[in-house]
Every structure is written in C-alpha cells, then in structure tokens.
$ cat start00.cif   # mmCIF, C-alpha atoms
data_upload
loop_
_atom_site.label_atom_id
_atom_site.label_comp_id
_atom_site.auth_asym_id
_atom_site.auth_seq_id
_atom_site.Cartn_x
_atom_site.Cartn_y
_atom_site.Cartn_z
CA MET Y 41 96.13 174.51 87.22
CA LYS Y 42 99.25 172.64 88.33
CA THR Y 43 98.82 168.89 87.95
CA ALA Y 44 100.92 165.99 89.22
CA ILE Y 45 100.67 162.36 88.12
CA LEU Y 46 100.93 159.83 90.94
CA ILE Y 47 101.64 156.14 90.29
CA PRO Y 48 100.94 154.00 93.38
CA ALA Y 49 103.10 150.88 93.19
CA ARG Y 50 103.17 148.57 96.19
CA TYR Y 51 105.19 145.39 96.02
CA GLN Y 52 102.84 142.89 97.67
CA SER Y 53 99.94 142.73 95.21
CA SER Y 54 97.47 140.08 96.41
CA ARG Y 55 96.97 138.51 92.97
CA TYR Y 56 100.46 139.02 91.58
CA PRO Y 57 103.21 139.85 94.10
CA GLY Y 58 106.15 141.72 92.59
CA LYS Y 59 104.32 142.49 89.35
CA MET Y 60 105.73 146.05 89.25
CA LEU Y 61 109.14 144.51 88.54
CA ALA Y 62 107.88 142.15 85.83
CA GLU Y 63 109.48 142.81 82.45
CA VAL Y 64 107.41 144.74 79.91
CA ASN Y 65 108.95 146.00 76.69
CA GLY Y 66 112.45 145.30 77.98
CA LYS Y 67 112.06 147.20 81.24
CA PRO Y 68 110.26 146.78 84.58
CA LEU Y 69 106.51 147.40 84.37
CA ILE Y 70 106.71 150.37 86.73
CA ARG Y 71 109.40 152.07 84.61
CA HIS Y 72 107.39 151.43 81.44
CA VAL Y 73 104.33 153.16 82.94
CA PHE Y 74 106.45 155.98 84.40
CA ASP Y 75 108.03 156.70 81.01
CA ILE Y 76 104.63 156.97 79.31
CA CYS Y 77 103.33 159.33 81.99
CA ASN Y 78 106.51 161.36 81.72
CA GLN Y 79 105.68 162.16 78.09
CA THR Y 80 103.12 164.65 79.42
CA ASP Y 81 103.98 168.13 80.70
CA HIS Y 82 103.05 167.12 84.26
CA HIS Y 83 105.28 166.19 87.18
CA VAL Y 84 105.33 162.39 87.67
CA MET Y 85 106.03 160.51 90.91
CA VAL Y 86 105.92 156.84 91.85
CA LEU Y 87 104.54 156.16 95.34
CA THR Y 88 105.91 152.91 96.72
CA ASP Y 89 106.63 150.95 99.88
CA HIS Y 90 109.53 148.97 98.41
CA GLU Y 91 113.10 150.03 97.62
CA ASP Y 92 113.43 147.70 94.62
CA ILE Y 93 110.54 149.55 92.94
CA ALA Y 94 111.91 152.97 93.92
CA LYS Y 95 115.27 152.13 92.28
CA GLN Y 96 113.58 151.79 88.88
CA VAL Y 97 112.46 155.43 88.55
CA PRO Y 98 113.98 158.90 88.96
CA ASN Y 99 111.10 160.40 90.99
CA PHE Y 100 109.54 158.53 93.88
CA VAL Y 101 108.02 158.97 97.33
CA MET Y 102 108.39 156.23 99.92
CA THR Y 103 105.06 155.62 101.64
CA GLY Y 104 104.00 153.49 104.58
CA GLU Y 105 101.15 151.04 104.93
CA ALA Y 106 97.98 151.92 103.04
CA ASP Y 107 94.76 150.05 102.32
CA ASN Y 108 94.74 151.07 98.66
CA GLY Y 109 96.33 153.30 96.04
CA THR Y 110 94.13 156.31 96.76
CA GLU Y 111 95.12 156.22 100.43
CA ARG Y 112 98.76 156.05 99.31
CA CYS Y 113 98.16 159.14 97.15
CA CYS Y 114 96.40 160.93 100.01
CA ASP Y 115 99.37 160.32 102.33
CA ALA Y 116 101.94 161.36 99.74
CA ILE Y 117 100.48 164.75 98.79
CA GLN Y 118 100.62 166.26 102.27
CA GLY Y 119 102.74 169.37 101.82
CA MET Y 120 102.63 169.27 97.99
CA GLY Y 121 101.33 172.36 96.21
CA PHE Y 122 99.59 170.94 93.15
CA SER Y 123 95.98 171.91 92.37
CA GLN Y 124 94.97 168.51 91.06
CA TYR Y 125 96.30 164.99 90.76
CA VAL Y 126 95.98 162.02 88.43
CA ASN Y 127 96.32 158.54 89.91
CA VAL Y 128 97.57 156.15 87.22
CA GLN Y 129 97.61 152.51 88.25
CA GLY Y 130 101.09 151.05 87.87
CA ASP Y 131 99.67 147.93 86.19
CA MET Y 132 98.48 149.81 83.07
CA PRO Y 133 101.24 149.38 80.45
CA ASP Y 134 98.92 150.65 77.71
CA ILE Y 135 98.05 153.98 79.34
CA THR Y 136 98.45 156.95 76.97
CA SER Y 137 99.11 160.64 77.53
CA ALA Y 138 95.81 161.37 75.72
CA MET Y 139 93.91 159.30 78.32
CA ILE Y 140 95.60 161.20 81.13
CA GLU Y 141 94.69 164.57 79.61
CA LYS Y 142 91.08 163.48 79.11
CA CYS Y 143 90.81 162.54 82.79
CA ILE Y 144 92.25 165.93 83.78
CA GLU Y 145 89.87 167.77 81.45
CA HIS Y 146 86.81 166.32 83.22
CA LEU Y 147 87.98 167.73 86.59
CA SER Y 148 86.40 171.00 85.49
CA LYS Y 149 83.02 169.28 86.04
CA TYR Y 150 83.69 166.77 88.85
CA SER Y 151 86.05 166.71 91.84
CA VAL Y 152 86.76 163.02 91.15
CA THR Y 153 86.94 161.59 87.64
CA THR Y 154 87.79 158.33 85.92
CA LEU Y 155 87.73 156.64 82.51
CA TYR Y 156 86.03 153.61 81.01
CA THR Y 157 85.94 151.75 77.74
CA THR Y 158 83.91 149.01 76.05
CA MET Y 159 84.59 145.64 77.63
CA PRO Y 160 85.12 142.63 75.35
CA LYS Y 161 82.49 139.92 75.80
CA GLU Y 162 85.03 137.39 77.07
CA LYS Y 163 86.00 139.69 79.96
CA GLN Y 164 82.47 140.47 81.14
CA ASN Y 165 82.31 137.34 83.32
CA ASP Y 166 85.88 137.65 84.62
CA PRO Y 167 86.02 138.56 88.34
CA ASN Y 168 89.41 140.23 87.78
CA THR Y 169 87.85 142.92 85.57
CA VAL Y 170 86.07 145.91 87.07
CA LYS Y 171 82.69 146.72 85.56
CA MET Y 172 80.98 150.09 85.88
CA ILE Y 173 77.36 151.19 85.92
CA ARG Y 174 76.84 154.79 84.89
CA ALA Y 175 74.30 157.43 83.97
CA LYS Y 176 75.70 159.50 81.10
CA ASP Y 177 79.01 160.94 82.38
CA GLN Y 178 78.50 159.99 86.02
CA ALA Y 179 79.55 156.67 87.56
CA LEU Y 180 76.89 155.05 89.74
CA TRP Y 181 78.60 151.81 90.84
CA PHE Y 182 81.62 149.57 90.31
CA GLY Y 183 81.91 145.83 90.84
CA ARG Y 184 83.96 142.77 89.97
CA GLY Y 185 81.41 139.99 90.39
CA MET Y 186 78.75 141.65 88.23
CA THR Y 187 78.40 139.97 84.85
CA GLY Y 188 77.19 141.02 81.42
CA TYR Y 189 78.03 144.72 81.79
CA GLY Y 190 79.79 146.36 78.86
CA ASP Y 191 81.47 149.35 80.53
CA TRP Y 192 85.00 148.46 81.64
CA HIS Y 193 86.42 150.70 84.33
CA LEU Y 194 90.05 151.63 83.72
CA GLY Y 195 92.65 152.21 86.42
CA ILE Y 196 93.04 155.97 86.23
CA TYR Y 197 91.52 158.66 88.45
CA GLY Y 198 91.64 162.44 88.56
CA TYR Y 199 91.14 164.35 91.81
CA THR Y 200 91.16 167.96 92.85
CA ALA Y 201 93.64 168.49 95.69
CA THR Y 202 90.78 169.22 98.09
CA ALA Y 203 88.95 165.99 97.23
CA LEU Y 204 92.05 163.81 97.55
CA ARG Y 205 92.97 165.26 100.94
CA MET Y 206 89.46 164.37 102.15
CA TYR Y 207 89.68 160.69 101.21
CA LYS Y 208 91.09 159.22 104.43
CA LYS Y 209 88.55 161.18 106.47
CA LEU Y 210 85.64 159.40 104.76
CA GLU Y 211 83.89 156.45 106.38
CA ILE Y 212 85.08 153.13 104.94
CA PRO Y 213 82.03 151.16 103.71
CA ASP Y 214 81.66 147.38 103.82
CA GLU Y 215 81.33 147.37 100.03
CA GLU Y 216 84.89 148.63 99.65
CA HIS Y 217 86.17 145.54 101.47
CA ILE Y 218 83.81 143.16 99.68
CA GLU Y 219 84.63 144.34 96.17
CA LYS Y 220 88.24 145.39 96.90
CA LEU Y 221 87.49 148.65 95.08
CA GLU Y 222 88.72 151.90 96.63
CA GLN Y 223 86.44 154.16 94.57
CA LEU Y 224 83.34 152.84 96.34
CA ARG Y 225 84.35 154.91 99.37
CA TRP Y 226 83.60 158.07 97.41
CA LEU Y 227 80.20 156.84 96.24
CA LYS Y 228 79.05 155.52 99.62
CA ASN Y 229 79.92 158.87 101.19
CA GLY Y 230 77.83 160.81 98.69
CA TRP Y 231 80.51 162.03 96.31
CA GLN Y 232 79.94 162.09 92.56
CA ILE Y 233 82.46 160.50 90.21
CA GLY Y 234 82.59 161.76 86.64
CA CYS Y 235 83.44 159.26 83.90
CA LEU Y 236 84.49 159.58 80.27
CA ASN Y 237 84.66 157.00 77.51
CA VAL Y 238 87.94 156.31 75.73
CA ASN Y 239 89.06 153.88 73.06
CA PHE Y 240 91.29 151.30 74.74
CA ASN Y 241 92.47 148.01 73.34
CA GLY Y 242 95.05 147.35 76.02
CA VAL Y 243 95.63 145.05 78.97
CA GLU Y 244 95.60 145.74 82.70
CA ILE Y 245 98.08 143.42 84.40
CA ASN Y 246 96.33 141.97 87.44
CA THR Y 247 97.60 138.38 87.14
CA PRO Y 248 100.51 136.47 85.53
CA GLU Y 249 98.04 135.42 82.81
CA ASP Y 250 97.44 139.10 81.97
CA LEU Y 251 101.18 139.59 81.51
CA LYS Y 252 101.28 136.67 79.07
CA GLU Y 253 98.32 138.20 77.21
CA TRP Y 254 100.16 141.54 76.97
CA HIS Y 255 103.28 139.88 75.58
CA ASN Y 256 101.23 137.90 73.08
CA LYS Y 257 99.49 141.09 71.89
CA ASN Y 258 102.76 142.96 71.53
CA SER Y 259 104.97 140.22 70.06
CA HIS Y 260 104.19 141.05 66.43
#
$ encode --input "start00.cif" --output "structure tokens"
Amino acid sequence: MKTAILIPARYQSSRYPGKMLAEVNGKPLIRHVFDICNQTDHHVMVLTDHEDIAKQVPNFVMTGEADNGTERCCDAIQGMGFSQYVNVQGDMPDITSAMIEKCIEHLSKYSVTTLYTTMPKEKQNDPNTVKMIRAKDQALWFGRGMTGYGDWHLGIYGYTATALRMYKKLEIPDEEHIEKLEQLRWLKNGWQIGCLNVNFNGVEINTPEDLKEWHNKNSH
C-alpha cells in the first residue's frame, strides 16, 4: 500500500498565528516536523496557504481556504495516487516515525485511525488539550471542555484514500464548530475511528506557552 504523509500548516492559527515559523531546535517548527516525518519511507508533503511556510520545506502543495486540516488534506489529494494517507499536525515537534507507522498499521482495521496517550493530571482541565472517550480501540468522542479524562488525543490521523476523499461530502455537525474539532464530522456521520495507545511525553504547540514548555523540556 502506497502511503503519503500530509502536514497541514496554515499560517493564521487562531491561538498562535505564525506558529509554524516559530523556532524549534534551531529551525522553523514546520521544518522540524517535516524532517522527522521524512525519516520514514513515505512521501512527505506540507500543505499550506502561505508562501513563507512553503519556503521552509522541499515538498509542498499550496492550498486555498479550508475549515480545518482534514479539509486541506482532502483538497490536496485530488489527482494523487496513494492508497492511504497520514495527517500529521504541524504543531507536533515530538512526533516519531514509530507513531506514524502505528497509525498506518491500524488502517487495516479502520478507514480512519488516530493515536492517544495518557494525559498528565495537570492537563486534564486545560481547554487547549483534546480529551478522548473510547471503547477499547474505537474512539467514541472528543472534546476540549471535558475534564478529568485521562486519554489525551494526539494530532495524527490515518485515512484510506477513499475515506479522505469522502470527508468534504459529509454533513458538518454543530459539534464540530462548538469544539473546534474536525474529527467529530466523522463520528456524527456514522463513521468509526480506530485508536491506538502510544507512549508520548511530548508537547503539542497550541499556544506561545506551549512553545516555552517545549524549550524548557529540551534545554537540558
């Protein structure tokens, strides 16, 4: 099965505009994430709406307006011939090739897959973190405002090509707008999302404070 890794990277993030160009490990965040993904045997592309982001990487696709990263992926793959895709969020500097392969592996059971890890207690009440409710290896719901849940949803998805091409044809539910979570569109339209647990002690950079936390963790 031919797999491509897609990294959606818009410039105007609502909580941290321009974060894809923030410095991480001596390079822009988007280049840092691209280089990790490029350690796999899969083709890697950044999907962006901004030339300054495109200049940071060797492989990119310029995309237009999109409501979320999955829509950006859906638009970008028209005409591509890959069997399946992995959507890696550009704000995950601690993504690993092993995590990507685990997400791909689970596509043999589900048309849409994702990963989660154990959430530290101090993050369980943070509205910037995405919590997940699941039944075994199937995700049942995702939310930001929920508190006290220990499963932390991570910003990586696997899709079969057929599933991803369907995404923009699905009805957009109110919950997607309320929670600002694109994966709820799948669930509200009756799709199953597979989920696998991974060990992850990293940081997702959603805010300037997250970037400071990342630098503090990696300064030793």
$ closest_residue --input "start00.cif" --among "Y:Asp107, Y:Asp191, Y:Asp166, Y:Asp81" --to "Ala138 of chain Y" --atoms "only C-alpha atoms"
Y:Asp81
$ resolve_selection --input "start00.cif" --expression "the PyMOL selection byres ((chain Y and resi 96-101) around 8)" --output "compact mmCIF listing (two decimals) with C-alpha atoms, keeping the file's coordinate frame"
# COMPACT_ATOMS: atom_id res chain seq x y z
CA PRO Y 68 110.26 146.78 84.58
CA ILE Y 70 106.71 150.37 86.73
CA ARG Y 71 109.40 152.07 84.61
CA PHE Y 74 106.45 155.98 84.40
CA VAL Y 84 105.33 162.39 87.67
CA MET Y 85 106.03 160.51 90.91
CA VAL Y 86 105.92 156.84 91.85
CA LEU Y 87 104.54 156.16 95.34
CA THR Y 88 105.91 152.91 96.72
CA ASP Y 92 113.43 147.70 94.62
CA ILE Y 93 110.54 149.55 92.94
CA ALA Y 94 111.91 152.97 93.92
CA LYS Y 95 115.27 152.13 92.28
CA MET Y 102 108.39 156.23 99.92
CA THR Y 103 105.06 155.62 101.64
CA ALA Y 116 101.94 161.36 99.74
$ closest_residue --input "start00.cif" --among "Y:Thr202, Y:Asn258, Y:Thr153, Y:Asn239" --to "Pro133 of chain Y" --atoms "all atoms listed in the file"
Y:Asn258
$ resolve_selection --input "start00.cif" --expression "the PyMOL selection byres ((chain Y and resi 105) around 10)" --output "CSV table (one decimal) with C-alpha atoms, in the frame of the given file"
chain,number,residue,atom,x,y,z
Y,50,ARG,CA,103.2,148.6,96.2
Y,88,THR,CA,105.9,152.9,96.7
Y,89,ASP,CA,106.6,151.0,99.9
Y,103,THR,CA,105.1,155.6,101.6
Y,104,GLY,CA,104.0,153.5,104.6
Y,106,ALA,CA,98.0,151.9,103.0
Y,107,ASP,CA,94.8,150.0,102.3
Y,108,ASN,CA,94.7,151.1,98.7
Y,111,GLU,CA,95.1,156.2,100.4
Y,112,ARG,CA,98.8,156.0,99.3
Y,115,ASP,CA,99.4,160.3,102.3
$ closest_atom_pairs --input "start00.cif" --of "segment 106-148 of chain Y" --to "segment 246-256 of chain Y" --cutoff "12 Å" --atoms "all atoms listed in the file" --output "tab-separated table"
residue	atom	partner	partner_atom	distance
Y:Gln129	CA	Y:Asn246	CA	10.6
Y:Gly130	CA	Y:Asn246	CA	10.3
Y:Asp131	CA	Y:Asn246	CA	6.9
Y:Met132	CA	Y:Asn246	CA	9.2
Y:Pro133	CA	Y:Trp254	CA	8.6
Y:Asp134	CA	Y:Trp254	CA	9.2
$ write_last_selection --input "start00.cif" --atoms "C-alpha atoms" --output "compact mmCIF listing (two decimals), in the coordinates of the input"
# COMPACT_ATOMS: atom_id res chain seq x y z
CA GLN Y 129 97.61 152.51 88.25
CA GLY Y 130 101.09 151.05 87.87
CA ASP Y 131 99.67 147.93 86.19
CA MET Y 132 98.48 149.81 83.07
CA PRO Y 133 101.24 149.38 80.45
CA ASP Y 134 98.92 150.65 77.71
$ closest_residue --input "start00.cif" --among "Y:Gln118, Y:Thr43, Y:Gln223, Y:Asn229" --to "Lys209 of chain Y" --atoms "only C-alpha atoms"
Y:Asn229
$ atom_distance --input "start00.cif" --atom1 "atom CA of Thr154 of chain Y" --atom2 "atom CA of Cys235 of chain Y"
4.9 Å
$ residues_around --input "start00.cif" --residues "Ser137 of chain Y" --least-positions-apart "3" --cutoff "8 Å" --atoms "all atoms listed in the file" --output "short mmCIF file (atom, residue, chain, number, x, y, z; two decimals) with C-alpha atoms, keeping the file's coordinate frame"
data_model
loop_
_atom_site.label_atom_id
_atom_site.label_comp_id
_atom_site.auth_asym_id
_atom_site.auth_seq_id
_atom_site.Cartn_x
_atom_site.Cartn_y
_atom_site.Cartn_z
CA ILE Y 76 104.63 156.97 79.31
CA CYS Y 77 103.33 159.33 81.99
CA GLN Y 79 105.68 162.16 78.09
CA THR Y 80 103.12 164.65 79.42
CA ILE Y 140 95.60 161.20 81.13
CA GLU Y 141 94.69 164.57 79.61
#
$ closest_residue --input "start00.cif" --among "Y:Lys67, Y:Val170, Y:Thr110, Y:Ser53" --to "Arg225 of chain Y" --atoms "all atoms listed in the file"
Y:Thr110
$ closest_residue --input "start00.cif" --among "Y:Pro213, Y:Phe182, Y:Met172, Y:His146" --to "Gly198 of chain Y" --atoms "only C-alpha atoms"
Y:His146
$ resolve_selection --input "start00.cif" --expression "the PyMOL selection byres ((chain Y and resi 123) around 7)" --output "ChimeraX atom specification"
/Y:41-43,121-122,124,200-201
$ write_last_selection --input "start00.cif" --atoms "C-alpha atoms" --output "compact mmCIF listing (two decimals), in the coordinates of the input"
# COMPACT_ATOMS: atom_id res chain seq x y z
CA MET Y 41 96.13 174.51 87.22
CA LYS Y 42 99.25 172.64 88.33
CA THR Y 43 98.82 168.89 87.95
CA GLY Y 121 101.33 172.36 96.21
CA PHE Y 122 99.59 170.94 93.15
CA GLN Y 124 94.97 168.51 91.06
CA THR Y 200 91.16 167.96 92.85
CA ALA Y 201 93.64 168.49 95.69
$ build_atoms --input "start00.cif" --residues "segment 187-202 of chain Y" --atoms "N, CA and C atoms" --output "mmCIF file, keeping the file's coordinate frame"
data_model
loop_
_atom_site.group_PDB
_atom_site.id
_atom_site.type_symbol
_atom_site.label_atom_id
_atom_site.label_comp_id
_atom_site.auth_asym_id
_atom_site.auth_seq_id
_atom_site.Cartn_x
_atom_site.Cartn_y
_atom_site.Cartn_z
ATOM 1 N N THR Y 187 78.131 140.563 86.163
ATOM 2 C CA THR Y 187 78.400 139.970 84.850
ATOM 3 C C THR Y 187 77.498 140.599 83.788
ATOM 4 N N GLY Y 188 77.997 140.574 82.553
ATOM 5 C CA GLY Y 188 77.190 141.020 81.420
ATOM 6 C C GLY Y 188 77.198 142.528 81.199
ATOM 7 N N TYR Y 189 77.986 143.268 81.960
ATOM 8 C CA TYR Y 189 78.030 144.720 81.790
ATOM 9 C C TYR Y 189 79.144 145.095 80.818
ATOM 10 N N GLY Y 190 78.874 146.046 79.944
ATOM 11 C CA GLY Y 190 79.790 146.360 78.860
ATOM 12 C C GLY Y 190 80.742 147.509 79.115
ATOM 13 N N ASP Y 191 80.567 148.238 80.236
ATOM 14 C CA ASP Y 191 81.470 149.350 80.530
ATOM 15 C C ASP Y 191 82.591 148.863 81.443
ATOM 16 N N TRP Y 192 83.810 148.958 80.947
ATOM 17 C CA TRP Y 192 85.000 148.460 81.640
ATOM 18 C C TRP Y 192 85.702 149.629 82.298
ATOM 19 N N HIS Y 193 85.748 149.616 83.621
ATOM 20 C CA HIS Y 193 86.420 150.700 84.330
ATOM 21 C C HIS Y 193 87.928 150.546 84.218
ATOM 22 N N LEU Y 194 88.595 151.641 83.882
ATOM 23 C CA LEU Y 194 90.050 151.630 83.720
ATOM 24 C C LEU Y 194 90.727 152.256 84.931
ATOM 25 N N GLY Y 195 91.952 151.822 85.197
ATOM 26 C CA GLY Y 195 92.650 152.210 86.420
ATOM 27 C C GLY Y 195 93.316 153.565 86.366
ATOM 28 N N ILE Y 196 92.527 154.597 86.212
ATOM 29 C CA ILE Y 196 93.040 155.970 86.230
ATOM 30 C C ILE Y 196 91.982 156.859 86.870
ATOM 31 N N TYR Y 197 92.426 157.734 87.770
ATOM 32 C CA TYR Y 197 91.520 158.660 88.450
ATOM 33 C C TYR Y 197 92.103 160.060 88.412
ATOM 34 N N GLY Y 198 91.238 161.058 88.348
ATOM 35 C CA GLY Y 198 91.640 162.440 88.560
ATOM 36 C C GLY Y 198 90.981 162.951 89.832
ATOM 37 N N TYR Y 199 91.709 163.761 90.595
ATOM 38 C CA TYR Y 199 91.140 164.350 91.810
ATOM 39 C C TYR Y 199 91.572 165.813 91.904
ATOM 40 N N THR Y 200 90.692 166.663 92.398
ATOM 41 C CA THR Y 200 91.160 167.960 92.850
ATOM 42 C C THR Y 200 91.949 167.721 94.142
ATOM 43 N N ALA Y 201 92.842 168.645 94.465
ATOM 44 C CA ALA Y 201 93.640 168.490 95.690
ATOM 45 C C ALA Y 201 92.742 168.415 96.922
ATOM 46 N N THR Y 202 91.690 169.209 96.940
ATOM 47 C CA THR Y 202 90.780 169.220 98.090
ATOM 48 C C THR Y 202 90.105 167.868 98.267
#
